[in-house]
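The next block holds one structure in the form of structure tokens; read it before the comments.
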Amino acid sequence: LNLKKMKKRYIYKGFAILLFASIGFSNISCTGDYIGDVQNTGTFDNENYFKTERQCLSATASVYDIMKKYGGGFENMVTFLNAGSDDFYAGGGSATDGAGIQGFSNYKINPITMPGSYWRDYYQGIANANWVIKSMPTAQVNENLKKRIVAEVTVLRSLYYFDLVRLFGNVPLILKQLTAADDYWHIPQTPKAEVYKQIEEDIARVIADLPMTVSGDERGRITQGGARALLGKIYLYDNKKAEAAAQFAEVNGTPGQMSQYGYKLVDDFNSLWGLHLQGNTLEYNKFTSESIIEAVYTNASMSDWSFWGQGKDDGNSICIMTGPRSYSLTNVANNDAPDLVSGWSFNTVTEDLFNFMQNDPRADATILNAKKLQAEGKISYSPANADTGYFFKKFAPWRAGVSKLPGSMELNFRPNVMVIRLADTYLMEAEALGASGARAQALLDAVRARVGLSSVPVSMQAIKDERRRELAGEGHRWFDLVRWGDAPAKLAFKGFVSGKNEVLPIPYQELNNTSLVQNPNY
């Protein structure tokens with residue numbers, strides 16, 4: 001799913017999000033087939049849209065576009081969630097470099113410093129999904145395409161609600177397109193349990209309308225396997241472990257073998273990260289057999305500072321954010337240090353994670369030991385906020401990955417973000433199985449065997465340890481700690497308060513003049 005931008009403009013306040021134009025898939029031209037500027041009437045001009053397959057796909061792409069939140073812009077999900085965990089500090093240039101990410105890292109975040117985009121962006125995606133769902137029944141395309149599009153955007157809407165409910169707890173559940181006649185300022189919050197029930201039922205209802213697999217230009221679109229993996233994950237967080245295990249079993253198949261959806265652990269863990277020679281060109285290894293749901297990034301929009309983070313840029317920002325500041329190679333013979341461009345030093349690695357990963361085969365792909373490289377005279381860098389000498393490496397800003405197109409170098413790195421991958425679902429299934437039994441053991445063994453590690457007896461602690469090493473820095477750790485009830489103990493050194501910090505504060509601008517109720521103790 002290589003997304004290219006078509007002209008678009010958004011107007012929003014809380015839930016009043018109006019899409020005036022949409023983006024298109026890679027095979028859609030950027031001329032003629034978009035909605036131009038219209039009056040703010042609180043509704044869409046549906047009579048003049050959804051008349052062609054191109055228009056339907058363009059509208060669908062506007063829902064996918066919100067997946068950029070995982071790695072796009074300064075307020076991307078991965079660096080933010082990493083900062084709140086025990087594996088990383090916020091880092092950055094100083095203790096005031098990004099009030100939101102710093103506040104989450106030291107648990108001083110409040111409704112004023114909480115970035116509004118973590119609420120607003122997801123509700124933008126939900127609004128777009130509701131628009132598409134409402135419009136598709138009368139769209140002038142064949143019924144199979146209608147069903148597939150409705151299924152895709154329904155799963156995406158569920159994904160966005162899943163993120164919202166994990167971040168904020170009780171949130172408004174909006175399942176229809178809002179109009180000017182709706183009192184969108186006073187939509188009440190829905191209990192978390194009801195949100196889970198809704199999105200579980202929604203995904204289960206549409207799975208059969210999705211394709212088993214996709215290929216070519218359709219890579220990145222939601223499949224049956226992706227929907228089942230997400231449903232299993234939602235069940236797990238909803239403490240429906242038997243239901244979760246059943247969904248994951250469909251996705252995972254025989255541990256270590258290829259599943260019915262074509263998923264298989266890649267042989268080389270290192271190949272999931274960084275650049276690799278493809279023909280005569282170094283490229284990122286996207287859409288591997290391990291990828292289940294993947295957020296797509298590109299340099300095609302030629303991102304620049306004038307519109308960075310405003311929805312019109314398509315680069316992966318994790319790369320530049322996590323690279324060491326003033327990083328450069330020294331002029332020594334046979335210098336084998338990573339050739340990176342200078343970054344911004346966010347997500348410095350804690351000493352605890354560094355020590356935890358010692359002697360693990362995944363350590364070198366996960367952590368850049370700048371302290372050691374500097375001591376060996378191979379590099380120089382400038383220590384910044386919360387410097388430990390250890391940096392997150394999975395999305396390192398490789399010099400060979402600098403875009404050759406116009407636009408700011410820093411904003412056009414293009415590795416994708418695997419939102420859900422197979423090693424993740426293996427370990428979640430093992431957890432859902434109660435961390436016991438032959439299948440749970442086989443799932444754990446498969447993840448370890450892929451990196452050359454021997455079997456260890458399956459247990460909840462073994463699964464927790466394996467998730468920490470395997471998925472380090474991919475944005476899962478904070479959610480894991482909260483789900484397991486381990487956050488108060490593991491994050492006490494950062495100031496985590498039990499009964500408060502399991503969810504984030506609702507941004508102040510979303511509370512103002514609405515009926516929303518702030519989360520406890522904020």
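For the structure tokens, the naming scheme is as follows: chains receive sequential letters (A, B, ...) according to their order of presentation, residues are indexed from 1 within each chain, and ligands are indexed from 1 in presentation order.
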Residues of range 304-355 of chain A that approach range 370-386 of chain A to 7 Å or less, counting only C-alpha atoms: could you list each one with the shortest pair of atoms and its distance in Å to one decimal, rows by chain and increasing residue number, as JSON lines?
```
{"residue": "A:Pro324", "atom": "CA", "partner": "A:Tyr381", "partner_atom": "CA", "distance": 6.4}
{"residue": "A:Arg325", "atom": "CA", "partner": "A:Ser382", "partner_atom": "CA", "distance": 5.4}
{"residue": "A:Ser326", "atom": "CA", "partner": "A:Tyr381", "partner_atom": "CA", "distance": 4.9}
{"residue": "A:Tyr327", "atom": "CA", "partner": "A:Tyr381", "partner_atom": "CA", "distance": 4.3}
{"residue": "A:Ser328", "atom": "CA", "partner": "A:Ser380", "partner_atom": "CA", "distance": 5.5}
{"residue": "A:Leu329", "atom": "CA", "partner": "A:Ile379", "partner_atom": "CA", "distance": 4.4}
{"residue": "A:Thr330", "atom": "CA", "partner": "A:Ile379", "partner_atom": "CA", "distance": 5.2}
{"residue": "A:Val332", "atom": "CA", "partner": "A:Lys378", "partner_atom": "CA", "distance": 6.7}
{"residue": "A:Asn335", "atom": "CA", "partner": "A:Lys378", "partner_atom": "CA", "distance": 6.2}
{"residue": "A:Ala337", "atom": "CA", "partner": "A:Lys378", "partner_atom": "CA", "distance": 6.3}
{"residue": "A:Ser345", "atom": "CA", "partner": "A:Ala384", "partner_atom": "CA", "distance": 6.8}
{"residue": "A:Thr348", "atom": "CA", "partner": "A:Ala386", "partner_atom": "CA", "distance": 6.9}
```
Residue subset to file, keeping C-alpha atoms, as a PDB file, in the first residue's frame:
```
ATOM      1  CA  PRO A 324      22.850  10.249  18.532  1.00  0.00           C
ATOM      2  CA  ARG A 325      23.491  14.005  18.331  1.00  0.00           C
ATOM      3  CA  SER A 326      26.538  15.233  16.426  1.00  0.00           C
ATOM      4  CA  TYR A 327      27.322  11.647  15.468  1.00  0.00           C
ATOM      5  CA  SER A 328      30.234  11.148  13.100  1.00  0.00           C
ATOM      6  CA  LEU A 329      32.753   8.472  12.187  1.00  0.00           C
ATOM      7  CA  THR A 330      36.388   9.118  12.974  1.00  0.00           C
ATOM      8  CA  VAL A 332      40.600   5.382  11.635  1.00  0.00           C
ATOM      9  CA  ASN A 335      36.265   1.628  10.892  1.00  0.00           C
ATOM     10  CA  ALA A 337      31.094   1.566  13.255  1.00  0.00           C
ATOM     11  CA  SER A 345      19.102  11.590  20.825  1.00  0.00           C
ATOM     12  CA  THR A 348      18.220   6.765  25.073  1.00  0.00           C
TER      13      THR A 348
END
```
For range 247-256 of chain A: contacts at 7 Å, only C-alpha atoms, fewer than 6 positions along chain excluded, given as a PyMOL selection string: chain A and resi 225+228-229+232+264-265+425-426+429+442-443+446
Taking only range 232-397 of chain A into account, list the residues labelled strand (DSSP E) by DSSP (computed from the backbone), as a list in words. Leu275, His276, Leu277, Gln278, Thr281, Leu282, Glu283, Tyr284, Ser291, Ile292, Ile293, Glu294, Ala295, Ser328, Leu329, Ile367, Leu368, Asn369, Ile379, Ser380, Tyr390, Phe391 and Phe392 of chain A
Sorted per-residue table, range 143-220 of chain A near range 495-503 of chain A, closest atoms and distance, 8 Å, only C-alpha atoms, as CSV:
```
residue,atom,partner,partner_atom,distance
A:Arg166,CA,A:Val503,CA,7.1
A:Leu167,CA,A:Val503,CA,5.3
A:Phe168,CA,A:Val503,CA,5.1
A:Gly169,CA,A:Val503,CA,6.2
```
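Counting only C-alpha atoms, the residue from A:Gly116, A:Pro488, A:Gly323, A:Gly93 that sits nearest to Val349 in chain A is A:Gly323.
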Can you pull out the residues contacting Lys134 in chain A? Cut-off 12 Å, using only C-alpha atoms, and skip same-chain residues under 4 positions away; I want them as a ChimeraX atom specification. /A:43-44,46,50,59,127-130,138-139,146,149-150,153-154,175-178
Using N, CA, C and O atoms, can you export the residues from the last selection as a tab-separated table (two decimals), in the first residue's frame?
```tsv
chain	number	residue	atom	x	y	z
A	43	THR	N	-21.03	18.34	6.94
A	43	THR	CA	-21.32	17.09	6.25
A	43	THR	C	-20.49	16.99	4.98
A	43	THR	O	-19.80	17.93	4.60
A	44	PHE	N	-20.53	15.86	4.32
A	44	PHE	CA	-19.79	15.64	3.09
A	44	PHE	C	-20.74	15.74	1.90
A	44	PHE	O	-21.92	15.43	2.01
A	46	ASN	N	-21.60	13.82	-0.44
A	46	ASN	CA	-21.56	12.44	-0.91
A	46	ASN	C	-22.20	12.24	-2.27
A	46	ASN	O	-21.91	11.27	-2.97
A	50	PHE	N	-17.83	8.86	-4.37
A	50	PHE	CA	-18.08	7.41	-4.33
A	50	PHE	C	-18.78	6.92	-5.60
A	50	PHE	O	-19.59	6.01	-5.57
A	59	ALA	N	-10.96	7.39	-0.70
A	59	ALA	CA	-11.57	7.59	0.62
A	59	ALA	C	-11.05	6.55	1.62
A	59	ALA	O	-10.81	6.87	2.79
A	127	ALA	N	-13.48	9.23	12.27
A	127	ALA	CA	-14.44	10.01	11.49
A	127	ALA	C	-14.37	9.64	10.02
A	127	ALA	O	-15.41	9.49	9.35
A	128	ASN	N	-13.18	9.48	9.49
A	128	ASN	CA	-13.03	9.08	8.09
A	128	ASN	C	-13.63	7.69	7.85
A	128	ASN	O	-14.27	7.44	6.83
A	129	ALA	N	-13.40	6.78	8.81
A	129	ALA	CA	-13.95	5.43	8.68
A	129	ALA	C	-15.48	5.46	8.69
A	129	ALA	O	-16.14	4.79	7.88
A	130	ASN	N	-16.04	6.26	9.58
A	130	ASN	CA	-17.51	6.35	9.65
A	130	ASN	C	-18.09	6.92	8.36
A	130	ASN	O	-19.16	6.51	7.90
A	138	THR	N	-24.26	2.94	-1.14
A	138	THR	CA	-24.76	3.54	-2.38
A	138	THR	C	-23.64	3.83	-3.38
A	138	THR	O	-23.89	4.46	-4.41
A	139	ALA	N	-22.43	3.40	-3.07
A	139	ALA	CA	-21.31	3.62	-3.99
A	139	ALA	C	-21.55	2.86	-5.29
A	139	ALA	O	-22.12	1.76	-5.29
A	146	LYS	N	-17.24	-3.27	-2.30
A	146	LYS	CA	-17.90	-2.58	-1.18
A	146	LYS	C	-17.66	-3.32	0.13
A	146	LYS	O	-17.30	-2.72	1.14
A	149	ILE	N	-13.98	-2.99	1.30
A	149	ILE	CA	-13.64	-1.67	1.82
A	149	ILE	C	-14.27	-1.46	3.19
A	149	ILE	O	-13.61	-0.97	4.12
A	150	VAL	N	-15.53	-1.84	3.35
A	150	VAL	CA	-16.18	-1.70	4.66
A	150	VAL	C	-15.44	-2.53	5.70
A	150	VAL	O	-15.23	-2.08	6.84
A	153	VAL	N	-11.98	-0.70	6.62
A	153	VAL	CA	-12.08	0.50	7.45
A	153	VAL	C	-12.70	0.17	8.81
A	153	VAL	O	-12.43	0.86	9.80
A	154	THR	N	-13.52	-0.88	8.89
A	154	THR	CA	-14.05	-1.32	10.18
A	154	THR	C	-12.92	-1.83	11.07
A	154	THR	O	-12.87	-1.52	12.27
A	175	LEU	N	-19.96	5.79	16.23
A	175	LEU	CA	-20.06	4.78	15.18
A	175	LEU	C	-20.84	5.27	13.97
A	175	LEU	O	-21.25	4.48	13.13
A	176	LYS	N	-21.04	6.58	13.88
A	176	LYS	CA	-21.75	7.12	12.73
A	176	LYS	C	-21.06	8.41	12.29
A	176	LYS	O	-20.29	9.01	13.04
A	177	GLN	N	-21.36	8.83	11.09
A	177	GLN	CA	-20.83	10.09	10.59
A	177	GLN	C	-21.57	11.24	11.28
A	177	GLN	O	-22.79	11.30	11.28
A	178	LEU	N	-20.82	12.13	11.89
A	178	LEU	CA	-21.42	13.27	12.57
A	178	LEU	C	-21.80	14.35	11.56
A	178	LEU	O	-21.13	14.55	10.55
```
Can you list, as number ranges by chain, every protein, DNA or RNA residue that comes within 9 Å of Phe479 in chain A when you count only C-alpha atoms, leaving out same-chain residues fewer than 3 positions away? A: 81, 85, 166-167, 475-476, 482-484, 487, 502
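Neighbours of Ala363 in chain A closer than or equal to 10 Å, with only C-alpha atoms counted and sequence neighbours fewer than 5 positions away skipped, come out as Asn270, Leu353, Phe354, Asn355, Phe356, Met357, Gln358, Leu368, Asn369, Lys393, Arg469, Glu470 and Ala472 of chain A.
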Let me see the file: selected residues, N, CA, C and O atoms, as a PDB file, in the first residue's frame.
```
ATOM      1  N   ASN A 270      18.154  -9.945  12.212  1.00  0.00           N
ATOM      2  CA  ASN A 270      18.765  -8.672  11.799  1.00  0.00           C
ATOM      3  C   ASN A 270      18.166  -8.133  10.515  1.00  0.00           C
ATOM      4  O   ASN A 270      18.191  -6.916  10.281  1.00  0.00           O
ATOM      5  N   LEU A 353      17.942  -2.023  30.571  1.00  0.00           N
ATOM      6  CA  LEU A 353      17.717  -2.790  29.341  1.00  0.00           C
ATOM      7  C   LEU A 353      19.038  -3.243  28.749  1.00  0.00           C
ATOM      8  O   LEU A 353      19.159  -4.386  28.282  1.00  0.00           O
ATOM      9  N   PHE A 354      20.031  -2.351  28.743  1.00  0.00           N
ATOM     10  CA  PHE A 354      21.335  -2.731  28.188  1.00  0.00           C
ATOM     11  C   PHE A 354      21.868  -3.964  28.902  1.00  0.00           C
ATOM     12  O   PHE A 354      22.315  -4.927  28.258  1.00  0.00           O
ATOM     13  N   ASN A 355      21.833  -3.959  30.224  1.00  0.00           N
ATOM     14  CA  ASN A 355      22.336  -5.106  30.991  1.00  0.00           C
ATOM     15  C   ASN A 355      21.477  -6.340  30.767  1.00  0.00           C
ATOM     16  O   ASN A 355      21.990  -7.461  30.678  1.00  0.00           O
ATOM     17  N   PHE A 356      20.167  -6.151  30.660  1.00  0.00           N
ATOM     18  CA  PHE A 356      19.236  -7.258  30.467  1.00  0.00           C
ATOM     19  C   PHE A 356      19.499  -7.975  29.150  1.00  0.00           C
ATOM     20  O   PHE A 356      19.304  -9.190  29.044  1.00  0.00           O
ATOM     21  N   MET A 357      19.941  -7.237  28.138  1.00  0.00           N
ATOM     22  CA  MET A 357      20.125  -7.819  26.809  1.00  0.00           C
ATOM     23  C   MET A 357      21.545  -8.302  26.540  1.00  0.00           C
ATOM     24  O   MET A 357      21.839  -8.779  25.437  1.00  0.00           O
ATOM     25  N   GLN A 358      22.411  -8.208  27.515  1.00  0.00           N
ATOM     26  CA  GLN A 358      23.769  -8.693  27.302  1.00  0.00           C
ATOM     27  C   GLN A 358      23.779 -10.177  26.948  1.00  0.00           C
ATOM     28  O   GLN A 358      23.033 -10.982  27.518  1.00  0.00           O
ATOM     29  N   LEU A 368      22.558   0.541  19.988  1.00  0.00           N
ATOM     30  CA  LEU A 368      23.826   1.091  19.507  1.00  0.00           C
ATOM     31  C   LEU A 368      24.643   1.480  20.733  1.00  0.00           C
ATOM     32  O   LEU A 368      24.269   2.392  21.479  1.00  0.00           O
ATOM     33  N   ASN A 369      25.758   0.803  20.925  1.00  0.00           N
ATOM     34  CA  ASN A 369      26.628   1.082  22.075  1.00  0.00           C
ATOM     35  C   ASN A 369      27.617   2.182  21.693  1.00  0.00           C
ATOM     36  O   ASN A 369      28.779   1.924  21.375  1.00  0.00           O
ATOM     37  N   LYS A 393      18.538   1.292  18.104  1.00  0.00           N
ATOM     38  CA  LYS A 393      19.171   1.076  16.804  1.00  0.00           C
ATOM     39  C   LYS A 393      18.235   0.533  15.726  1.00  0.00           C
ATOM     40  O   LYS A 393      18.545   0.618  14.526  1.00  0.00           O
ATOM     41  N   ARG A 469      12.974  -8.702  25.236  1.00  0.00           N
ATOM     42  CA  ARG A 469      14.150  -8.772  24.363  1.00  0.00           C
ATOM     43  C   ARG A 469      13.768  -8.727  22.880  1.00  0.00           C
ATOM     44  O   ARG A 469      14.374  -8.007  22.093  1.00  0.00           O
ATOM     45  N   GLU A 470      12.795  -9.510  22.507  1.00  0.00           N
ATOM     46  CA  GLU A 470      12.412  -9.629  21.094  1.00  0.00           C
ATOM     47  C   GLU A 470      11.815  -8.344  20.550  1.00  0.00           C
ATOM     48  O   GLU A 470      12.105  -7.936  19.425  1.00  0.00           O
ATOM     49  N   ALA A 472      11.885  -5.188  21.913  1.00  0.00           N
ATOM     50  CA  ALA A 472      12.418  -3.973  22.536  1.00  0.00           C
ATOM     51  C   ALA A 472      12.334  -2.781  21.584  1.00  0.00           C
ATOM     52  O   ALA A 472      12.754  -2.859  20.427  1.00  0.00           O
TER      53      ALA A 472
END
```
Contact residues around Ile420 in chain A with only C-alpha atoms at 9 Å, ignoring same-chain residues under 3 positions, as an MDAnalysis selection string: chainID A and resid 226 229:230 290:294 417 423:425
Take the selection from the previous step and output its residues with N, CA, C and O atoms, as a compact mmCIF listing (two decimals), in the first residue's frame.
```txt
# COMPACT_ATOMS: atom_id res chain seq x y z
N GLY A 226 -4.43 -10.23 9.41
CA GLY A 226 -4.25 -9.01 10.18
C GLY A 226 -5.42 -8.74 11.10
O GLY A 226 -5.25 -8.34 12.27
N ALA A 229 -5.28 -11.24 13.99
CA ALA A 229 -4.21 -10.90 14.94
C ALA A 229 -4.64 -9.74 15.84
O ALA A 229 -4.41 -9.76 17.06
N LEU A 230 -5.25 -8.73 15.25
CA LEU A 230 -5.73 -7.60 16.04
C LEU A 230 -6.84 -8.04 16.99
O LEU A 230 -6.85 -7.65 18.16
N GLU A 290 7.08 -12.08 8.14
CA GLU A 290 6.78 -11.93 9.57
C GLU A 290 5.78 -10.81 9.83
O GLU A 290 5.19 -10.72 10.90
N SER A 291 5.59 -9.92 8.86
CA SER A 291 4.76 -8.74 9.05
C SER A 291 3.28 -9.07 8.91
O SER A 291 2.86 -9.69 7.93
N ILE A 292 2.48 -8.65 9.89
CA ILE A 292 1.04 -8.92 9.87
C ILE A 292 0.24 -7.64 9.63
O ILE A 292 -0.63 -7.60 8.77
N ILE A 293 0.51 -6.59 10.40
CA ILE A 293 -0.03 -5.26 10.13
C ILE A 293 1.14 -4.30 10.10
O ILE A 293 1.93 -4.25 11.05
N GLU A 294 1.28 -3.55 9.03
CA GLU A 294 2.47 -2.73 8.82
C GLU A 294 2.06 -1.32 8.38
O GLU A 294 1.28 -1.15 7.45
N VAL A 417 6.86 0.51 9.87
CA VAL A 417 6.71 0.10 11.26
C VAL A 417 5.76 -1.09 11.30
O VAL A 417 4.62 -0.99 10.83
N ALA A 423 6.38 -12.78 15.63
CA ALA A 423 6.98 -13.11 16.93
C ALA A 423 6.12 -12.57 18.07
O ALA A 423 6.01 -13.18 19.13
N ASP A 424 5.51 -11.41 17.85
CA ASP A 424 4.59 -10.81 18.81
C ASP A 424 3.38 -11.70 19.03
O ASP A 424 2.98 -12.00 20.17
N THR A 425 2.77 -12.17 17.94
CA THR A 425 1.57 -13.01 18.09
C THR A 425 1.91 -14.39 18.67
O THR A 425 1.09 -14.98 19.38
```
With DSSP run on the backbone, what are the helix (DSSP H, G or I) residues within range 248-349 of chain A? I'd like them as a list in words. Phe248, Ala249, Glu250, Val251, Asn252, Phe269, Asn270, Ser271, Leu272, Ile318, Cys319, Ile320, Met321 and Thr322 of chain A
Filtering to C-alpha atoms, could you give me those residues as a PDB file, in the first residue's frame?
```
ATOM      1  CA  PHE A 248      -3.810 -16.366  17.444  1.00  0.00           C
ATOM      2  CA  ALA A 249      -3.780 -20.081  16.597  1.00  0.00           C
ATOM      3  CA  GLU A 250      -5.414 -19.264  13.253  1.00  0.00           C
ATOM      4  CA  VAL A 251      -2.768 -16.614  12.590  1.00  0.00           C
ATOM      5  CA  ASN A 252       0.266 -18.531  13.849  1.00  0.00           C
ATOM      6  CA  PHE A 269      16.319 -11.348  12.975  1.00  0.00           C
ATOM      7  CA  ASN A 270      18.765  -8.672  11.799  1.00  0.00           C
ATOM      8  CA  SER A 271      17.069  -8.560   8.397  1.00  0.00           C
ATOM      9  CA  LEU A 272      13.985  -7.004   9.992  1.00  0.00           C
ATOM     10  CA  ILE A 318      11.693   7.596  14.545  1.00  0.00           C
ATOM     11  CA  CYS A 319      14.957   7.373  12.613  1.00  0.00           C
ATOM     12  CA  ILE A 320      16.170  10.940  13.029  1.00  0.00           C
ATOM     13  CA  MET A 321      14.738  11.218  16.534  1.00  0.00           C
ATOM     14  CA  THR A 322      16.649   8.225  17.914  1.00  0.00           C
TER      15      THR A 322
END
```
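CA of Gly262 in chain A sits 26.3 Å away from CA of Ser436 in chain A.
In this comparison, which uses only C-alpha atoms, the residue of A:Thr388, A:Arg157, A:Tyr235, A:Thr288 approaching Trp131 in chain A most closely is A:Arg157.
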